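This report concerns only the one structure given below.
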Amino acid sequence: MARDVHDVVGHSLTVVSLKADSAERLVDIDPERAKGEIAAIRSLTRQSLAEIRATVAGLRITRLADERDAALAALADAGIEASVPDDYDVVDPAHRITVAWALREATTNVIRHSGAQRVDVAWGPTPAGGHRRRSRAERPSGGQWPHRAARAARRGRGPSRRR
């Protein structure tokens, strides 16, 4: 249960933080859009509270379609271009909840840790007798992930810090 609460809270707070940043940037230049972001924050926090209550009560059921929509919205809010399939029938119904949770966790990790500009998600049936794992990441032009470059710069090893 602790892991479920962590996943719900972590994902929700990541998206709330992105929307708050967006609202702050927009408040002076486009007050109507800023109001929209604030309304989205209110809605998301209410939804998150309901999810936490359901998780604690042991009633948490995640739908793959809902998580796909939430992932696309969160990635777009973070400025990350995304491709997430909508062909749910290729995922065994017995595994859709697990895939939905994996999608939620992956979305949070991409937003918080990757520095990615684009993410492509794929799912499908597992080949008979085996596991299908495939992931692909491409470095942005320049050869180093932005978060690693920033970390190296803080430690005095990056190109942005001169000695």
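Chain labels follow the order of the structure tokens: the first chain is A, the next B, and so on; residue numbering restarts at 1 in every chain, and ligands are counted from 1 in their shown order.
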
* Skip A:Thr98 itself and residues of its chain fewer than 5 positions away, then list as a ChimeraX atom specification all residues within 10 Å of it, counting only C-alpha atoms. => /A:62-64,93,103-104

* Please provide as a list in words all residues within 7 Å of stretch 36-50 of chain A, with the sequence filter that same-chain residues fewer than 3 positions apart are discarded (counting only C-alpha atoms). => Val8, Ser12, Val16, Lys19, Ala23, Glu32, Arg33, Arg53 and Ala54 of chain A

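Proximity of A:Asp21, A:Ala71, A:Val90, A:Asp120 to A:Ala102, computed with only C-alpha atoms, is greatest for A:Ala71.
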
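Nearest residue to A:Ala78 among A:Val110, A:Arg3, A:Asp92, A:Gly124 is A:Val110, counting only C-alpha atoms.
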
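You can rank A:Asp7, A:Thr14, A:Thr55, A:Thr107 by their closest distance to A:Leu72 using only C-alpha atoms, and at the top of that list sits A:Thr107.
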